[in-house]
>>> print(open('upload_37.csv').read())   # CSV, C-alpha atoms (C1' of nucleotides)
chain,number,residue,atom,x,y,z
B,10,MET,CA,-12.1,-26.7,-29.5
B,11,SER,CA,-9.5,-26.7,-26.7
B,12,SER,CA,-9.1,-22.9,-26.6
B,13,PRO,CA,-12.3,-20.9,-26.9
B,14,ALA,CA,-12.2,-17.6,-28.7
B,15,VAL,CA,-11.7,-14.3,-26.8
B,16,SER,CA,-15.1,-13.1,-25.7
B,17,SER,CA,-16.6,-9.8,-26.8
B,18,ARG,CA,-16.9,-8.4,-23.2
B,19,ASP,CA,-13.5,-6.8,-22.5
B,20,LEU,CA,-12.1,-5.1,-19.5
B,21,PRO,CA,-10.6,-1.7,-19.0
B,22,HIS,CA,-6.8,-1.6,-18.7
B,23,PRO,CA,-4.7,1.5,-18.1
B,24,ALA,CA,-2.5,2.6,-21.0
B,25,CYS,CA,1.2,2.5,-20.4
B,26,ASP,CA,1.4,6.2,-19.7
B,27,GLU,CA,-1.3,5.8,-17.1
B,28,ILE,CA,0.5,3.2,-15.0
B,29,ARG,CA,1.8,4.8,-11.8
B,30,LEU,CA,4.7,3.5,-9.9
B,31,GLU,CA,2.8,4.1,-6.6
B,32,GLY,CA,-0.1,2.1,-7.9
B,33,VAL,CA,2.1,-0.8,-8.9
B,34,LEU,CA,3.8,-0.8,-5.5
B,35,HIS,CA,0.5,-0.6,-3.7
B,36,ALA,CA,-0.8,-3.5,-5.7
B,37,LEU,CA,2.2,-5.6,-4.9
B,38,SER,CA,2.3,-4.7,-1.2
B,39,ASP,CA,-0.5,-7.2,-0.5
B,40,PRO,CA,0.7,-10.7,0.2
B,41,MET,CA,-2.1,-12.3,-1.8
B,42,ARG,CA,-1.5,-10.2,-4.8
B,43,LEU,CA,2.3,-10.6,-4.6
B,44,ARG,CA,1.7,-14.3,-4.6
B,45,ILE,CA,-0.5,-14.1,-7.7
B,46,VAL,CA,2.1,-12.1,-9.5
B,47,ARG,CA,4.9,-14.5,-8.6
B,48,GLU,CA,2.9,-17.4,-9.8
B,49,LEU,CA,2.1,-15.6,-13.1
B,50,ALA,CA,5.8,-14.8,-13.5
B,51,GLY,CA,6.6,-18.4,-13.2
B,52,VAL,CA,4.7,-19.7,-16.2
B,53,THR,CA,5.0,-18.9,-19.8
B,54,GLY,CA,1.4,-18.5,-20.9
B,55,GLU,CA,-1.7,-17.3,-19.1
B,56,LEU,CA,-3.5,-18.6,-16.1
B,57,SER,CA,-7.2,-18.5,-15.3
B,58,CYS,CA,-8.4,-17.1,-12.0
B,59,SER,CA,-9.4,-20.6,-10.9
B,60,ASP,CA,-5.9,-21.9,-11.5
B,61,PHE,CA,-4.9,-20.2,-8.3
B,62,ASP,CA,-5.5,-21.8,-5.0
B,63,LEU,CA,-5.8,-18.9,-2.7
B,64,PRO,CA,-6.9,-19.0,1.0
B,65,VAL,CA,-9.7,-16.5,0.3
B,66,THR,CA,-13.2,-16.6,-1.2
B,67,LYS,CA,-13.9,-16.2,-4.9
B,68,SER,CA,-15.2,-12.7,-4.3
B,69,THR,CA,-12.0,-11.7,-2.7
B,70,THR,CA,-10.0,-13.3,-5.4
B,71,THR,CA,-11.9,-11.3,-8.0
B,72,HIS,CA,-11.1,-8.1,-6.0
B,73,HIS,CA,-7.4,-8.8,-6.0
B,74,PHE,CA,-7.3,-9.5,-9.7
B,75,ARG,CA,-9.1,-6.3,-10.4
B,76,VAL,CA,-6.6,-4.3,-8.3
B,77,LEU,CA,-3.8,-5.9,-10.2
B,78,ARG,CA,-5.4,-5.1,-13.6
B,79,GLU,CA,-6.3,-1.5,-12.7
B,80,SER,CA,-2.8,-0.8,-11.5
B,81,GLY,CA,-1.4,-2.1,-14.8
B,82,VAL,CA,0.4,-5.1,-13.4
B,83,ILE,CA,-1.6,-7.8,-15.2
B,84,ARG,CA,-3.7,-8.0,-18.4
B,85,GLN,CA,-7.0,-9.9,-18.3
B,86,VAL,CA,-9.1,-11.3,-21.1
B,87,TYR,CA,-12.2,-13.5,-21.2
B,88,ARG,CA,-11.8,-16.8,-22.9
B,89,GLY,CA,-15.0,-18.8,-22.7
B,90,THR,CA,-16.1,-18.9,-19.2
B,91,ALA,CA,-12.6,-18.4,-18.0
B,92,LYS,CA,-10.8,-15.1,-17.4
B,93,MET,CA,-7.2,-15.5,-18.4
B,94,ASN,CA,-4.5,-13.5,-16.6
B,95,GLY,CA,-1.0,-12.5,-17.8
B,96,LEU,CA,1.7,-10.3,-16.5
B,97,ARG,CA,2.2,-7.1,-18.5
B,98,ARG,CA,5.9,-7.9,-18.3
B,99,ASP,CA,7.1,-6.3,-21.5
B,100,GLU,CA,5.3,-3.0,-20.9
B,101,LEU,CA,6.4,-2.8,-17.3
B,102,ASP,CA,10.0,-3.6,-18.3
B,103,GLU,CA,9.9,-0.7,-20.8
B,104,LEU,CA,8.3,1.6,-18.3
B,105,PHE,CA,10.4,0.6,-15.2
B,106,PRO,CA,13.5,-1.4,-16.4
B,107,GLY,CA,14.7,-3.9,-13.9
B,108,LEU,CA,11.9,-3.3,-11.5
B,109,MET,CA,9.9,-6.5,-11.9
B,110,ALA,CA,13.1,-8.6,-12.0
B,111,ALA,CA,14.2,-7.0,-8.7
B,112,LEU,CA,10.8,-7.4,-7.1
B,113,LEU,CA,10.5,-11.0,-8.1
B,114,ASP,CA,14.0,-11.7,-6.9
B,115,ALA,CA,13.3,-9.9,-3.6
B,116,ALA,CA,10.2,-12.0,-3.1
B,117,ALA,CA,12.0,-15.2,-3.8
B,118,ARG,CA,14.9,-14.3,-1.4
B,119,GLN,CA,12.4,-13.4,1.3
B,120,GLU,CA,10.7,-16.7,0.9
B,121,ALA,CA,14.0,-18.6,1.0
B,122,SER,CA,15.2,-16.8,4.2
B,123,PRO,CA,15.1,-18.5,7.6
B,124,GLY,CA,12.8,-15.8,8.9
B,125,ASP,CA,9.9,-17.5,7.3
G,23,MET,CA,29.5,22.6,18.5
G,24,SER,CA,28.2,22.3,15.0
G,25,SER,CA,27.0,18.7,15.4
G,26,PRO,CA,25.4,17.9,18.7
G,27,ALA,CA,25.9,14.4,20.1
G,28,VAL,CA,23.4,11.6,19.6
G,29,SER,CA,20.7,11.8,22.2
G,30,SER,CA,20.0,9.1,24.7
G,31,ARG,CA,16.4,8.6,23.6
G,32,ASP,CA,16.5,6.1,20.7
G,33,LEU,CA,13.9,4.7,18.4
G,34,PRO,CA,12.8,1.2,17.6
G,35,HIS,CA,14.0,-0.1,14.3
G,36,PRO,CA,13.3,-3.5,12.7
G,37,ALA,CA,16.2,-5.8,12.5
G,38,CYS,CA,17.2,-6.9,9.0
G,39,ASP,CA,15.4,-10.2,9.2
G,40,GLU,CA,12.3,-8.4,10.3
G,41,ILE,CA,12.1,-6.3,7.2
G,42,ARG,CA,9.3,-7.5,5.0
G,43,LEU,CA,9.1,-6.8,1.3
G,44,GLU,CA,5.4,-6.1,1.5
G,45,GLY,CA,6.1,-3.5,4.2
G,46,VAL,CA,8.7,-1.8,2.2
G,47,LEU,CA,6.4,-1.7,-0.9
G,48,HIS,CA,3.6,-0.4,1.2
G,49,ALA,CA,5.8,2.3,2.6
G,50,LEU,CA,6.9,3.4,-0.8
G,51,SER,CA,3.5,3.3,-2.3
G,52,ASP,CA,2.6,6.7,-0.8
G,53,PRO,CA,3.7,9.7,-2.9
G,54,MET,CA,4.9,11.7,0.1
G,55,ARG,CA,7.0,8.9,1.4
G,56,LEU,CA,8.4,8.0,-2.0
G,57,ARG,CA,9.4,11.7,-2.3
G,58,ILE,CA,11.1,11.6,1.1
G,59,VAL,CA,13.1,8.4,0.1
G,60,ARG,CA,14.1,9.9,-3.2
G,61,GLU,CA,15.4,13.0,-1.5
G,62,LEU,CA,17.3,10.9,1.1
G,63,ALA,CA,18.8,8.9,-1.7
G,64,GLY,CA,20.1,12.0,-3.4
G,65,VAL,CA,22.3,13.2,-0.6
G,66,THR,CA,25.3,11.6,1.0
G,67,GLY,CA,24.7,12.3,4.7
G,68,GLU,CA,21.6,12.6,6.8
G,69,LEU,CA,18.7,15.0,6.6
G,70,SER,CA,16.6,16.3,9.5
G,71,CYS,CA,12.8,16.1,9.2
G,72,SER,CA,12.6,19.8,8.8
G,73,ASP,CA,14.9,19.8,5.9
G,74,PHE,CA,12.0,18.5,3.9
G,75,ASP,CA,9.5,20.9,2.5
G,76,LEU,CA,6.4,18.7,2.3
G,77,PRO,CA,2.9,20.0,1.5
G,78,VAL,CA,1.5,18.5,4.7
G,79,THR,CA,1.5,19.5,8.4
G,80,LYS,CA,4.3,18.6,10.8
G,81,SER,CA,2.1,15.9,12.4
G,82,THR,CA,1.6,14.2,9.1
G,83,THR,CA,5.3,14.4,8.3
G,84,THR,CA,6.1,12.7,11.6
G,85,HIS,CA,3.6,10.0,10.7
G,86,HIS,CA,5.3,9.3,7.3
G,87,PHE,CA,8.8,9.2,8.8
G,88,ARG,CA,7.6,6.7,11.3
G,89,VAL,CA,6.1,4.5,8.7
G,90,LEU,CA,9.3,4.5,6.8
G,91,ARG,CA,11.3,3.7,9.9
G,92,GLU,CA,9.0,0.9,11.0
G,93,SER,CA,9.1,-0.7,7.6
G,94,GLY,CA,12.9,-0.7,7.7
G,95,VAL,CA,13.4,1.8,4.9
G,96,ILE,CA,15.1,4.5,6.9
G,97,ARG,CA,17.1,4.9,10.1
G,98,GLN,CA,16.3,7.7,12.5
G,99,VAL,CA,18.4,9.1,15.3
G,100,TYR,CA,18.0,12.1,17.5
G,101,ARG,CA,20.8,14.7,17.4
G,102,GLY,CA,20.0,17.6,19.6
G,103,THR,CA,16.5,18.8,18.9
G,104,ALA,CA,16.7,17.5,15.4
G,105,LYS,CA,15.8,14.0,14.2
G,106,MET,CA,18.2,12.8,11.5
G,107,ASN,CA,17.1,10.5,8.8
G,108,GLY,CA,19.1,8.2,6.6
G,109,LEU,CA,18.3,5.5,4.1
G,110,ARG,CA,19.1,2.0,5.2
G,111,ARG,CA,20.6,1.5,1.8
G,112,ASP,CA,23.4,-1.0,2.6
G,113,GLU,CA,21.0,-3.3,4.6
G,114,LEU,CA,18.3,-3.1,1.9
G,115,ASP,CA,20.8,-3.8,-0.8
G,116,GLU,CA,22.0,-6.9,1.0
G,117,LEU,CA,18.4,-8.0,1.7
G,118,PHE,CA,17.0,-7.2,-1.7
G,119,PRO,CA,19.8,-6.6,-4.2
G,120,GLY,CA,19.0,-4.2,-6.9
G,121,LEU,CA,15.6,-3.3,-5.5
G,122,MET,CA,16.2,0.2,-4.3
G,123,ALA,CA,18.2,1.0,-7.4
G,124,ALA,CA,15.3,-0.1,-9.6
G,125,LEU,CA,12.8,1.7,-7.5
G,126,LEU,CA,14.7,5.0,-7.5
G,127,ASP,CA,15.3,4.7,-11.2
G,128,ALA,CA,11.6,3.9,-11.8
G,129,ALA,CA,10.6,7.0,-9.8
G,130,ALA,CA,13.0,9.2,-11.7
G,131,ARG,CA,11.7,7.9,-15.1
G,132,GLN,CA,8.1,8.5,-14.1
G,133,GLU,CA,8.9,12.0,-13.1
G,134,ALA,CA,10.7,12.6,-16.3
G,135,SER,CA,7.9,11.2,-18.5
G,136,PRO,CA,5.5,13.6,-20.3
G,137,GLY,CA,2.5,12.2,-18.4
G,138,ASP,CA,3.5,14.4,-15.4
I,11,DG,C1',15.8,29.8,34.4
I,12,DT,C1',13.6,31.1,30.3
I,13,DC,C1',12.7,30.7,25.6
I,14,DA,C1',12.4,29.1,21.0
I,15,DA,C1',12.9,25.2,17.9
I,16,DA,C1',12.0,20.5,16.6
I,17,DC,C1',9.4,16.9,17.0
I,18,DT,C1',5.7,13.8,19.4
I,19,DA,C1',1.3,12.1,21.3
I,20,DC,C1',-3.4,11.9,21.1
I,21,DG,C1',-7.8,12.0,19.3
I,22,DA,C1',-10.9,12.9,15.5
I,23,DT,C1',-12.4,12.5,10.8
I,24,DG,C1',-13.1,11.0,6.4
I,25,DG,C1',-11.6,7.9,3.0
I,26,DT,C1',-9.9,3.4,1.5
I,27,DT,C1',-9.2,-1.6,1.8
I,28,DC,C1',-9.8,-6.5,2.7
I,29,DT,C1',-12.9,-9.7,3.5
I,30,DC,C1',-17.2,-12.1,3.3
I,31,DG,C1',-21.9,-13.9,1.7
I,32,DT,C1',-25.6,-13.9,-1.4
I,33,DA,C1',-27.6,-13.2,-5.6
I,34,DC,C1',-26.6,-12.6,-10.4
I,35,DT,C1',-24.6,-13.1,-15.4
I,36,DA,C1',-22.2,-15.2,-19.3
I,37,DT,C1',-20.5,-19.2,-21.6
I,38,DG,C1',-20.2,-23.7,-23.4
I,39,DG,C1',-21.7,-28.5,-23.3
I,40,DA,C1',-25.3,-32.3,-22.9
Z,6,DT,C1',-33.4,-26.1,-23.3
Z,7,DC,C1',-31.2,-27.0,-19.2
Z,8,DC,C1',-27.3,-27.2,-16.4
Z,9,DA,C1',-22.7,-26.7,-14.6
Z,10,DT,C1',-18.7,-23.7,-14.5
Z,11,DA,C1',-16.4,-19.3,-13.9
Z,12,DG,C1',-16.6,-15.2,-12.5
Z,13,DT,C1',-19.2,-10.5,-11.1
Z,14,DA,C1',-22.0,-7.1,-8.5
Z,15,DC,C1',-23.4,-5.4,-4.5
Z,16,DG,C1',-23.7,-4.5,0.2
Z,17,DA,C1',-21.8,-4.9,4.7
Z,18,DG,C1',-18.4,-5.0,8.4
Z,19,DA,C1',-14.0,-4.4,10.4
Z,20,DA,C1',-9.7,-2.7,10.0
Z,21,DC,C1',-6.5,0.4,8.4
Z,22,DC,C1',-4.7,4.9,6.7
Z,23,DA,C1',-3.7,9.9,5.6
Z,24,DT,C1',-4.6,14.0,7.4
Z,25,DC,C1',-5.3,17.6,10.7
Z,26,DG,C1',-5.3,20.4,15.2
Z,27,DT,C1',-4.0,21.0,19.8
Z,28,DA,C1',-1.3,20.2,23.6
Z,29,DG,C1',3.0,18.3,25.3
Z,30,DT,C1',8.2,17.0,25.6
Z,31,DT,C1',13.0,17.4,24.8
Z,32,DT,C1',16.9,19.9,23.7
Z,33,DG,C1',20.2,23.7,23.2
Z,34,DA,C1',21.0,28.6,23.4
Z,35,DC,C1',20.9,32.9,25.9
>>> encode(input="upload_37.csv", output="structure tokens")
Amino acid sequence: MSSPAVSSRDLPHPACDEIRLEGVLHALSDPMRLRIVRELAGVTGELSCSDFDLPVTKSTTTHHFRVLRESGVIRQVYRGTAKMNGLRRDELDELFPGLMAALLDAAARQEASPGD
Amino acid sequence: MSSPAVSSRDLPHPACDEIRLEGVLHALSDPMRLRIVRELAGVTGELSCSDFDLPVTKSTTTHHFRVLRESGVIRQVYRGTAKMNGLRRDELDELFPGLMAALLDAAARQEASPGD
DNA sequence: GTCAAACTACGATGGTTCTCGTACTATGGA
DNA sequence: TCCATAGTACGAGAACCATCGTAGTTTGAC
């Protein structure tokens, strides 16, 4: 099969009412994590951890994905040996309307500015 | 006089092109600093450091204001013995359109939610 | 000149974070 | 069953951060 079933081992995610703005901002204040989120926002489906080519080791990558999940920014699920990641965009949009859009736009603008 | 002149001692502020999104997000990811920014956003003029009634010592307050200034979120100027603080709203709006509005709205929503 | 108010500088402390390496587990395929 | 792949757990190190207390500076008022 091309898409293995979701594994039984599942991961703890904060409920919507447990997501704190401060936690989200802290999660996104790290360049590596902001990069991950921007990449996730740019695709329609999910991406596995190994789809990202980050300049850090695998351990560190695991750490960053966990911070993003525990702050409520992404949702993670095991599928076969892979761990798939998706933005919790709908939930975040309901919780903090316009925030993700403004953040992603800000990140894009910063990247496009001559200061980089 | 009711409003002393601006003192000669002035403080270093980042130029607009030196303001980093990650730095702004980090600055706002602290509850004390988010509170300061919300309060500043709620008034028209400036507020002195001692206008805030924060549950930390004066040293710590100084620290938080410095983080906000160095990240580019606020502008500080001495006026007499007081240090006046103002949001760099116009500059931030030009740099990251809609971001401050979304952040302030998000903070307000979070405060209003039953989870608090 | 003296004094109080507002804020700073400095050092310390305890906690958190980013990073790594090594050893380990879970899954699916040969 | 054996192996390769994907990711984790754990411990460690270095850096950073929030907080405090004490001592100091700058300013304006008396």
>>> residues_around(input="upload_37.csv", residues="segment 10-25 of chain Z", least_positions_apart="6", cutoff="7 Å", atoms="all atoms listed in the file", output="PyMOL selection string")
(chain B and resi 90-91) or (chain G and resi 82)
>>> interface_residues(input="upload_37.csv", of="chain G", to="chain I", cutoff="9 Å", atoms="all atoms listed in the file", output="PyMOL selection string")
chain G and resi 71-72+80-81+84+103-105
>>> write_last_selection(input="upload_37.csv", atoms="C-alpha atoms", output="JSON list (two decimals), keeping the file's coordinate frame")
[["chain", "number", "residue", "atom", "x", "y", "z"],
["G", 71, "CYS", "CA", 12.80, 16.10, 9.20],
["G", 72, "SER", "CA", 12.60, 19.80, 8.80],
["G", 80, "LYS", "CA", 4.30, 18.60, 10.80],
["G", 81, "SER", "CA", 2.10, 15.90, 12.40],
["G", 84, "THR", "CA", 6.10, 12.70, 11.60],
["G", 103, "THR", "CA", 16.50, 18.80, 18.90],
["G", 104, "ALA", "CA", 16.70, 17.50, 15.40],
["G", 105, "LYS", "CA", 15.80, 14.00, 14.20]]
>>> residues_near_point(input="upload_37.csv", point="(-1.5, -5.3, -13.1)", cutoff="10 Å", atoms="only C-alpha atoms (C1' of nucleotides)", output="PyMOL selection string")
chain B and resi 22-23+28+32-33+36-37+42+46+73-85+94-98+101
>>> write_last_selection(input="upload_37.csv", atoms="C-alpha atoms", output="short mmCIF file (atom, residue, chain, number, x, y, z; two decimals), in the coordinates of the input")
data_model
loop_
_atom_site.label_atom_id
_atom_site.label_comp_id
_atom_site.auth_asym_id
_atom_site.auth_seq_id
_atom_site.Cartn_x
_atom_site.Cartn_y
_atom_site.Cartn_z
CA HIS B 22 -6.80 -1.60 -18.70
CA PRO B 23 -4.70 1.50 -18.10
CA ILE B 28 0.50 3.20 -15.00
CA GLY B 32 -0.10 2.10 -7.90
CA VAL B 33 2.10 -0.80 -8.90
CA ALA B 36 -0.80 -3.50 -5.70
CA LEU B 37 2.20 -5.60 -4.90
CA ARG B 42 -1.50 -10.20 -4.80
CA VAL B 46 2.10 -12.10 -9.50
CA HIS B 73 -7.40 -8.80 -6.00
CA PHE B 74 -7.30 -9.50 -9.70
CA ARG B 75 -9.10 -6.30 -10.40
CA VAL B 76 -6.60 -4.30 -8.30
CA LEU B 77 -3.80 -5.90 -10.20
CA ARG B 78 -5.40 -5.10 -13.60
CA GLU B 79 -6.30 -1.50 -12.70
CA SER B 80 -2.80 -0.80 -11.50
CA GLY B 81 -1.40 -2.10 -14.80
CA VAL B 82 0.40 -5.10 -13.40
CA ILE B 83 -1.60 -7.80 -15.20
CA ARG B 84 -3.70 -8.00 -18.40
CA GLN B 85 -7.00 -9.90 -18.30
CA ASN B 94 -4.50 -13.50 -16.60
CA GLY B 95 -1.00 -12.50 -17.80
CA LEU B 96 1.70 -10.30 -16.50
CA ARG B 97 2.20 -7.10 -18.50
CA ARG B 98 5.90 -7.90 -18.30
CA LEU B 101 6.40 -2.80 -17.30
#
>>> residues_around(input="upload_37.csv", residues="segment 127-137 of chain G", least_positions_apart="3", cutoff="9 Å", atoms="only C-alpha atoms (C1' of nucleotides)", output="list of chain:residue names")
B:Asp26, B:Glu27, B:Arg29, B:Leu30, B:Glu31, B:Leu104, B:Phe105, B:Pro106, B:Gly107, B:Leu108, G:Leu56, G:Arg57, G:Arg60, G:Met122, G:Ala123, G:Ala124
>>> closest_residue(input="upload_37.csv", among="B:Leu112, B:Ala50, B:Val86, B:Met41", to="chain G", atoms="all atoms listed in the file")
B:Leu112
>>> atom_distance(input="upload_37.csv", atom1="atom CA of Leu76 of chain G", atom2="atom CA of Ser38 of chain B")
24.0 Å
>>> atom_distance(input="upload_37.csv", atom1="atom CA of Glu113 of chain G", atom2="atom CA of Cys38 of chain G")
6.8 Å
>>> closest_residue(input="upload_37.csv", among="G:Ala27, G:Val65, G:Ile58, G:Leu126", to="chain B", atoms="only C-alpha atoms")
G:Leu126
>>> atom_distance(input="upload_37.csv", atom1="atom CA of Leu62 of chain G", atom2="atom C1' of DT30 of chain Z")
26.8 Å
>>> closest_residue(input="upload_37.csv", among="B:Val15, B:His35, B:Thr70, B:Leu20", to="chain G", atoms="only C-alpha atoms")
B:His35
